[in-house]
Amino acid sequence: MKRRVYIETFGCQMNVADSERAATGLRASGYDLCDSADDADVVLLNTCSVREKAERKVYTRIGEIRAAQTGKASPLVGVMGCVAQLEGDSIFEHAPSVNMVIGTRATDRISSLIERAREGERKVIDLDERGENDAWDVSPVERHSPHVAFIPIIEGCNKFCSFCIVPYSRGRERSRPANEIVAETRKLQSLGYKEIHLIGQNVNSYRPRVEDGLEGFPGATPFCRLLRAVAATGMPRIKFTTSFPRDFHPDIVTAIEENPNLCDWIHLPVQSGSDRVLKLMRRGHKRSDYLERIARIKSSSRRLALTSDIIVGFPGETDDDFRQTLELVEQCEYDSLYIFKYSRRAGTPAANFDDNVSEREKTNRFLELEKVQRRTQDNIYRSYVGRTLSVLAEKQSSRSESDLSGHSTCHKVVNFAGDRSLEGEIVEVLVTGAKTNSLYGKLIDRAAVV
Ligand code: SF4
C-alpha cells in the first residue's frame with residue numbers, strides 16, 4: 001500500500017503554492033496525499049513565521065497531532081516552510097517528536113528526506129538552497145482550486161523592512177525564468193483555468209537572470225514586460241500580488257490599461273503615512289513617493305481597485321505620526337485595508353527598538369483607523385450597487401447552498417444565486433446589495449468570456 005502524506009498549510013499564498021509543489025513531487029515519488037493527519041503515515045506542517053503567535057501555533061499543532069496518535073502507529077512529522085528555515089535544528093529541542101525540518105528551499109527534496117526518516121535517521125534536516133534544476137511544476141490535481149491558480153514568479157525578499165522576518169526565512173530574491181511562467185500560464189489555460197495570480201513577496205521587483213520569453217514585449221521594467229507577455233497568452237483573468245511601492249513603475253498601470261485581461265486590482269502596502277515611521281521601518285519610500293504612485297493608479301482609464309496594509313503602533317509612532325496615517329488612508333480611498341497592530345518579531349531589527357506604544361494605544365489606533373476605513377469602504381462597496389460585474393463563479397457559498405461565490409476582476413467577493421453547474425464559468429452579475437466586505441448580486445448572463 002502506498003504511504004499517505006498529509007500537508008497542513010499555514011500563512012500566505014507562497015506557502016499554498018509550495019504545498020501544491022510539494023504534493024506534486026510526493027505523488028510523483030509514489031506517495032498518496034490524504035486529507036487528515038489521522039489517516040497519514042507522514043504529516044508535514046508548512047509553517048508561517050510572520051508573527052510569533054503563528055510560530056507558537058505550530059508547536060501546539062505538533063502536540064495535538066501526537067496526542068491524537070495514542071494506540072496507533074505514529075506518523076513521521078516534518079516541519080517545513082518559514083519556521084523550519086528560521087529555527088533549524090532548535091525545533092528538535094522544542095519538539096523532540098519532530099522527525100524532519102525542511103527549509104523553504106528544500107521543497108523538491110522532500111521525498112528523499114522522508115525516505116531518510118523512514119530508514120531510521122533521526123533529526124533529518126535540510127536548510128540548503130534550491131537546486132539549479134528544481135521543478136516548479138504543479139499538477140492540476142494538487143492546485144487549491146480548479147479555476148484559480150497561483151504562479152510564483154519571484155521568491156524571497158531583498159528589502160529588509162525592519163519589522164519583517166521574510167528576508168531571513170525566504171532568503172534573497174530569485175526570479176523564475178519568464179519562459180517558464182508564460183509556458184505555465186498557457187498550460188493552465190489549456191486545462192481550463194480562468195484566473196491566475198502571479199505571486200511573490202514583491203512581484204514588481206521581478207528580475208530574471210535571463211529574459212527569454214519576453215522578447216518583443218515592451219515595458220519599462222522586466223515585470224512590465226512579463227505582464228504584457230502573460231496577457232498575450234489570452235488567459236482570461238490575470239491578477240498579481242504583492243507589489244512593493246518603491247519598485248512600482250507607472251508602466252504597470254499602462255500595461256493594465258492596454259490589456260483587459262490584466263485585472264483591475266492593485267495591492268500596494270504602505271504600512272504608515274508618516275515619513276518618520278517609514279524611515280524607522282526602513283521601507284525605502286516616502287509618503288510623497290507612495291502618493292505619486294497612487295495618483296497614477298487613480299488616473300487610470302479603468303477604475304483600479306486599491307488595497308493596502310498598515311501597521312499601527314510601530315515603536316516610536318507618535319499621535320502625530322498616526323494622524324498622518326489616518327490622513328493618507330482617507331486620501332487613498334482604499335477598497336480594503338489589512339490593519340495590523342505592531343507586535344515584536346524576534347530576529348528582526350525592530351525587535352531591538354523600544355516597543356513604547358502601549359497595547360491599549362495600539363488598540364485605540366487600530367479601532368480609529370478601522371472606523372475611517374470602514375466609512376470609505378462602505379461608500380465604495382455601495383457604489384457598485386446597480387453595476388454589472390464580471391465574476392468567476394468559484395464555489396458554493398458557505399452561507400447558502402443556493403448561492404455561488406466568486407471574485408470580480410476588481411477582487412471583490414461576490415455572492416449570487418446560482419447552481420453549481422456554473423462553477424468555473426465567468427458570468428455577468430448585476431450587483432443588488434453591498435456589505436462591508438462583499439457584494440450580493442443577480443446573475444444576468446451565462447456568457448463565458450473565453
Ligand atoms: S518588502 Fe518588507 S514587508 Fe515585504 S516581505 Fe520584504 S521585508 Fe517583508
# chains A, B, ... in the order shown; residues from 1 in each chain; ligands from 1
$ residues_around --residues "Leu214 (chain A)" --least-positions-apart "6" --cutoff "8 Å" --atoms "only C-alpha atoms" --output "number ranges by chain"
A: 178-179, 225-226, 229
$ write_last_selection --atoms "all heavy atoms" --output "compact mmCIF listing (two decimals), in the first residue's frame"
# COMPACT_ATOMS: atom_id res chain seq x y z
N ALA A 178 11.24 33.85 -17.39
CA ALA A 178 9.95 34.30 -17.94
C ALA A 178 9.31 33.22 -18.81
O ALA A 178 8.09 33.04 -18.80
CB ALA A 178 10.17 35.56 -18.76
N ASN A 179 10.15 32.50 -19.59
CA ASN A 179 9.54 31.50 -20.50
C ASN A 179 8.81 30.40 -19.72
O ASN A 179 7.77 29.90 -20.15
CB ASN A 179 10.56 30.92 -21.49
CG ASN A 179 11.81 30.44 -20.82
OD1 ASN A 179 11.88 30.43 -19.59
ND2 ASN A 179 12.81 30.05 -21.60
N ARG A 225 7.23 43.95 -18.74
CA ARG A 225 7.31 43.11 -19.95
C ARG A 225 6.64 41.76 -19.67
O ARG A 225 5.94 41.22 -20.52
CB ARG A 225 8.77 42.92 -20.38
CG ARG A 225 9.38 44.21 -20.94
CD ARG A 225 10.64 43.94 -21.73
NE ARG A 225 11.80 43.73 -20.89
CZ ARG A 225 12.47 44.70 -20.26
NH1 ARG A 225 12.07 45.97 -20.39
NH2 ARG A 225 13.51 44.44 -19.52
N LEU A 226 6.87 41.23 -18.48
CA LEU A 226 6.24 39.95 -18.13
C LEU A 226 4.72 40.07 -18.15
O LEU A 226 4.02 39.19 -18.66
CB LEU A 226 6.72 39.48 -16.75
CG LEU A 226 6.12 38.15 -16.29
CD1 LEU A 226 6.73 36.98 -17.07
CD2 LEU A 226 6.33 37.93 -14.79
N ALA A 229 3.62 39.92 -21.63
CA ALA A 229 3.81 38.58 -22.22
C ALA A 229 2.74 37.61 -21.70
O ALA A 229 2.18 36.82 -22.46
CB ALA A 229 5.21 38.06 -21.87
$ residues_around --residues "Asp137 (chain A)" --least-positions-apart "5" --cutoff "9 Å" --atoms "only C-alpha atoms" --output "list in words"
Arg21, Thr24, Gly25 and Glu184 of chain A
$ write_last_selection --atoms "N, CA and C atoms" --output "compact mmCIF listing (two decimals), in the first residue's frame"
# COMPACT_ATOMS: atom_id res chain seq x y z
N ARG A 21 3.31 22.36 -4.78
CA ARG A 21 4.50 21.77 -5.43
C ARG A 21 4.99 20.54 -4.67
N THR A 24 2.77 17.67 -5.46
CA THR A 24 3.03 17.17 -6.82
C THR A 24 4.25 16.25 -6.81
N GLY A 25 5.32 16.71 -6.17
CA GLY A 25 6.57 15.92 -6.12
C GLY A 25 6.37 14.61 -5.37
N GLU A 184 3.73 28.03 -18.21
CA GLU A 184 2.79 27.55 -17.19
C GLU A 184 1.42 28.20 -17.37
$ residues_around --residues "region 296-303 of chain A" --least-positions-apart "4" --cutoff "12 Å" --atoms "only C-alpha atoms" --output "VMD selection string"
chain A and resid 245 248 to 260 262 to 268 289 to 292 307 331 to 335 380 384 409 to 410
$ residues_around --residues "Ser408 (chain A)" --least-positions-apart "2" --cutoff "10 Å" --atoms "only C-alpha atoms" --output "ChimeraX atom specification"
/A:237,263-265,388-393,406,410-414,426-429,439
$ write_last_selection --atoms "C-alpha atoms" --output "mmCIF file, in the first residue's frame"
data_model
loop_
_atom_site.group_PDB
_atom_site.id
_atom_site.type_symbol
_atom_site.label_atom_id
_atom_site.label_comp_id
_atom_site.auth_asym_id
_atom_site.auth_seq_id
_atom_site.Cartn_x
_atom_site.Cartn_y
_atom_site.Cartn_z
ATOM 1 C CA ARG A 237 -8.018 36.935 -15.913
ATOM 2 C CA CYS A 263 -7.374 42.677 -13.778
ATOM 3 C CA ASP A 264 -8.302 45.995 -12.222
ATOM 4 C CA TRP A 265 -6.868 45.465 -8.748
ATOM 5 C CA THR A 388 -22.729 44.705 -13.637
ATOM 6 C CA LEU A 389 -19.553 42.841 -12.733
ATOM 7 C CA SER A 390 -17.780 40.007 -14.445
ATOM 8 C CA VAL A 391 -17.490 37.288 -11.781
ATOM 9 C CA LEU A 392 -15.650 33.977 -11.811
ATOM 10 C CA ALA A 393 -18.018 31.509 -10.125
ATOM 11 C CA GLY A 406 -16.617 34.180 -6.622
ATOM 12 C CA CYS A 410 -11.556 44.090 -9.007
ATOM 13 C CA HIS A 411 -11.143 41.245 -6.481
ATOM 14 C CA LYS A 412 -14.388 41.791 -4.580
ATOM 15 C CA VAL A 413 -16.146 38.744 -3.176
ATOM 16 C CA VAL A 414 -19.474 38.488 -4.993
ATOM 17 C CA ILE A 426 -17.145 33.698 -15.855
ATOM 18 C CA VAL A 427 -20.603 35.204 -15.545
ATOM 19 C CA GLU A 428 -22.151 38.650 -15.501
ATOM 20 C CA VAL A 429 -23.705 39.625 -12.185
ATOM 21 C CA LEU A 439 -21.321 42.213 -2.698
#
$ residues_near_ligand --ligand "ligand 1" --cutoff "8 Å" --atoms "only C-alpha atoms and all ligand atoms" --output "PyMOL selection string"
chain A and resi 156-167+201-202+244+283
$ select_by_dssp --residues "region 131-360 of chain A" --states "strand (DSSP E)" --output "short mmCIF file (atom, residue, chain, number, x, y, z; two decimals) with N, CA, C and O atoms, in the first residue's frame"
data_model
loop_
_atom_site.label_atom_id
_atom_site.label_comp_id
_atom_site.auth_asym_id
_atom_site.auth_seq_id
_atom_site.Cartn_x
_atom_site.Cartn_y
_atom_site.Cartn_z
N VAL A 148 -8.79 28.77 -10.26
CA VAL A 148 -7.84 29.86 -9.98
C VAL A 148 -6.51 29.22 -9.61
O VAL A 148 -6.47 28.34 -8.76
N ALA A 149 -5.42 29.68 -10.24
CA ALA A 149 -4.12 29.07 -9.93
C ALA A 149 -3.10 30.14 -9.54
O ALA A 149 -3.13 31.26 -10.06
N PHE A 150 -2.23 29.77 -8.60
CA PHE A 150 -1.13 30.66 -8.22
C PHE A 150 0.10 30.30 -9.04
O PHE A 150 0.45 29.11 -9.16
N ILE A 151 0.77 31.30 -9.57
CA ILE A 151 2.05 31.07 -10.26
C ILE A 151 3.12 31.92 -9.56
O ILE A 151 3.13 33.15 -9.71
N PRO A 152 4.00 31.29 -8.77
CA PRO A 152 5.08 32.09 -8.17
C PRO A 152 6.01 32.61 -9.26
O PRO A 152 6.40 31.84 -10.14
N ILE A 154 8.52 35.15 -8.31
CA ILE A 154 9.74 35.58 -7.59
C ILE A 154 9.63 35.08 -6.16
O ILE A 154 8.54 35.09 -5.59
N GLU A 155 10.75 34.62 -5.63
CA GLU A 155 10.77 34.17 -4.23
C GLU A 155 11.71 35.07 -3.44
O GLU A 155 12.64 35.62 -4.01
N ARG A 174 14.81 35.71 -5.89
CA ARG A 174 15.17 34.88 -7.05
C ARG A 174 13.96 34.83 -7.98
O ARG A 174 12.88 34.39 -7.58
N SER A 175 14.17 35.30 -9.21
CA SER A 175 13.06 35.36 -10.16
C SER A 175 13.07 34.13 -11.04
O SER A 175 14.14 33.65 -11.44
N GLU A 195 -8.38 31.97 -14.17
CA GLU A 195 -7.71 33.09 -13.50
C GLU A 195 -6.38 32.62 -12.93
O GLU A 195 -6.31 31.54 -12.33
N ILE A 196 -5.35 33.44 -13.12
CA ILE A 196 -4.07 33.15 -12.46
C ILE A 196 -3.68 34.35 -11.60
O ILE A 196 -4.05 35.48 -11.90
N HIS A 197 -2.95 34.04 -10.54
CA HIS A 197 -2.36 35.10 -9.73
C HIS A 197 -0.84 34.93 -9.82
O HIS A 197 -0.32 33.88 -9.44
N LEU A 198 -0.17 35.94 -10.35
CA LEU A 198 1.29 35.94 -10.34
C LEU A 198 1.66 36.36 -8.91
O LEU A 198 1.26 37.43 -8.46
N ILE A 199 2.38 35.48 -8.21
CA ILE A 199 2.60 35.79 -6.78
C ILE A 199 4.08 35.85 -6.43
O ILE A 199 4.94 35.27 -7.10
N ARG A 237 -8.19 35.96 -17.01
CA ARG A 237 -8.02 36.94 -15.91
C ARG A 237 -6.66 36.74 -15.27
O ARG A 237 -6.29 35.64 -14.88
N ILE A 238 -5.93 37.85 -15.14
CA ILE A 238 -4.59 37.80 -14.54
C ILE A 238 -4.52 38.83 -13.41
O ILE A 238 -4.78 40.01 -13.62
N LYS A 239 -4.20 38.33 -12.21
CA LYS A 239 -4.03 39.23 -11.06
C LYS A 239 -2.59 39.07 -10.58
O LYS A 239 -1.94 38.06 -10.90
N PHE A 240 -2.10 40.01 -9.82
CA PHE A 240 -0.74 39.87 -9.29
C PHE A 240 -0.66 40.50 -7.91
O PHE A 240 -1.30 41.50 -7.63
N THR A 241 0.10 39.87 -7.03
CA THR A 241 0.26 40.38 -5.68
C THR A 241 1.48 39.71 -5.03
O THR A 241 1.74 38.55 -5.33
N TRP A 265 -7.10 45.49 -10.20
CA TRP A 265 -6.87 45.46 -8.75
C TRP A 265 -5.37 45.53 -8.47
O TRP A 265 -4.59 44.78 -9.07
N ILE A 266 -5.00 46.43 -7.57
CA ILE A 266 -3.58 46.54 -7.18
C ILE A 266 -3.48 46.55 -5.65
O ILE A 266 -4.18 47.33 -4.98
N HIS A 267 -2.63 45.68 -5.14
CA HIS A 267 -2.38 45.66 -3.69
C HIS A 267 -1.00 46.30 -3.47
O HIS A 267 0.01 45.77 -3.92
N ALA A 305 -9.18 48.93 -8.46
CA ALA A 305 -9.37 48.75 -7.02
C ALA A 305 -8.00 48.78 -6.36
O ALA A 305 -7.02 48.26 -6.91
N LEU A 306 -7.96 49.38 -5.18
CA LEU A 306 -6.67 49.55 -4.49
C LEU A 306 -6.80 49.02 -3.07
O LEU A 306 -7.75 49.36 -2.36
N THR A 307 -5.85 48.17 -2.67
CA THR A 307 -5.85 47.67 -1.29
C THR A 307 -4.44 47.85 -0.71
O THR A 307 -3.49 48.05 -1.45
N SER A 308 -4.36 47.80 0.63
CA SER A 308 -3.06 48.08 1.24
C SER A 308 -2.96 47.42 2.62
O SER A 308 -3.92 46.84 3.11
N ASP A 309 -1.76 47.51 3.20
CA ASP A 309 -1.52 47.03 4.57
C ASP A 309 -1.01 48.20 5.41
O ASP A 309 -0.21 49.00 4.92
N ILE A 310 -1.42 48.24 6.66
CA ILE A 310 -0.93 49.27 7.60
C ILE A 310 -0.56 48.60 8.92
O ILE A 310 -1.28 47.71 9.39
N ILE A 311 0.54 49.03 9.49
CA ILE A 311 0.88 48.62 10.85
C ILE A 311 0.66 49.82 11.76
O ILE A 311 1.21 50.90 11.50
N VAL A 312 -0.15 49.65 12.81
CA VAL A 312 -0.30 50.74 13.78
C VAL A 312 0.49 50.41 15.04
O VAL A 312 0.69 49.24 15.37
N SER A 336 -10.04 48.08 0.29
CA SER A 336 -9.96 47.42 1.59
C SER A 336 -8.56 47.55 2.13
O SER A 336 -7.61 47.87 1.39
N LEU A 337 -8.45 47.30 3.42
CA LEU A 337 -7.19 47.57 4.11
C LEU A 337 -6.95 46.49 5.15
O LEU A 337 -7.86 46.15 5.91
N TYR A 338 -5.75 45.95 5.19
CA TYR A 338 -5.39 44.99 6.24
C TYR A 338 -4.63 45.77 7.30
O TYR A 338 -3.55 46.29 7.04
N ILE A 339 -5.24 45.86 8.48
CA ILE A 339 -4.63 46.65 9.56
C ILE A 339 -4.05 45.68 10.60
O ILE A 339 -4.72 44.74 11.02
N PHE A 340 -2.81 45.93 10.98
CA PHE A 340 -2.15 45.07 11.97
C PHE A 340 -1.67 45.94 13.12
O PHE A 340 -1.16 47.03 12.89
N LYS A 341 -1.82 45.41 14.35
CA LYS A 341 -1.19 46.08 15.47
C LYS A 341 0.25 45.57 15.52
O LYS A 341 0.47 44.35 15.41
#
$ residues_around --residues "Ser111 (chain A)" --least-positions-apart "5" --cutoff "9 Å" --atoms "only C-alpha atoms" --output "JSON list (two decimals) with N, CA, C and O atoms, in the first residue's frame"
[["chain", "number", "residue", "atom", "x", "y", "z"],
["A", 22, "ALA", "N", 4.97, 20.65, -3.33],
["A", 22, "ALA", "CA", 5.41, 19.50, -2.52],
["A", 22, "ALA", "C", 4.52, 18.30, -2.80],
["A", 22, "ALA", "O", 5.00, 17.17, -2.99],
["A", 25, "GLY", "N", 5.32, 16.71, -6.17],
["A", 25, "GLY", "CA", 6.57, 15.92, -6.12],
["A", 25, "GLY", "C", 6.37, 14.61, -5.37],
["A", 25, "GLY", "O", 6.87, 13.56, -5.78],
["A", 26, "LEU", "N", 5.62, 14.67, -4.28],
["A", 26, "LEU", "CA", 5.42, 13.47, -3.47],
["A", 26, "LEU", "C", 4.61, 12.42, -4.23],
["A", 26, "LEU", "O", 4.93, 11.23, -4.21],
["A", 29, "SER", "N", 6.63, 10.67, -6.60],
["A", 29, "SER", "CA", 7.56, 9.72, -5.97],
["A", 29, "SER", "C", 6.84, 8.53, -5.36],
["A", 29, "SER", "O", 7.43, 7.75, -4.60],
["A", 31, "TYR", "N", 3.89, 8.55, -3.38],
["A", 31, "TYR", "CA", 3.08, 8.73, -2.18],
["A", 31, "TYR", "C", 1.64, 9.08, -2.56],
["A", 31, "TYR", "O", 1.38, 9.61, -3.64],
["A", 116, "ARG", "N", 14.81, 9.09, 4.23],
["A", 116, "ARG", "CA", 15.87, 9.02, 5.25],
["A", 116, "ARG", "C", 15.24, 8.83, 6.64],
["A", 116, "ARG", "O", 15.72, 8.03, 7.45]]
$ closest_residue --among "A:Thr60, A:Thr325, A:Ala346, A:Ala117" --to "Gln373 (chain A)" --atoms "only C-alpha atoms"
A:Thr325
$ select_by_dssp --residues "region 25-168 of chain A" --states "helix (DSSP H, G or I)" --output "ChimeraX atom specification"
/A:25-28,37-39,52-67,82-87,90-94,107-118,140-142,166-168
$ closest_residue --among "A:Tyr381, A:Thr9, A:Asp134, A:Ala23" --to "Val79 (chain A)" --atoms "only C-alpha atoms"
A:Thr9
$ atom_distance --atom1 "CA of Glu317 (chain A)" --atom2 "CA of Gly273 (chain A)"
10.7 Å
$ closest_atom_pairs --of "region 121-221 of chain A" --to "region 87-95 of chain A" --cutoff "9 Å" --atoms "only C-alpha atoms" --output "CSV"
residue,atom,partner,partner_atom,distance
A:Lys123,CA,A:Phe92,CA,6.9
A:Ile125,CA,A:Asp89,CA,7.2
A:Asp126,CA,A:Gly88,CA,8.6
A:Leu127,CA,A:Gly88,CA,7.3
$ write_last_selection --atoms "C-alpha atoms" --output "PDB file, in the first residue's frame"
ATOM      1  CA  LYS A 123      16.625  14.601  13.105  1.00  0.00           C
ATOM      2  CA  ILE A 125      17.268  18.469   8.354  1.00  0.00           C
ATOM      3  CA  ASP A 126      17.659  20.345   5.050  1.00  0.00           C
ATOM      4  CA  LEU A 127      18.067  24.120   5.070  1.00  0.00           C
TER       5      LEU A 127
END
$ closest_residue --among "A:Asn415, A:Asn437, A:Ser74, A:Ser343" --to "Asp38 (chain A)" --atoms "only C-alpha atoms"
A:Ser74
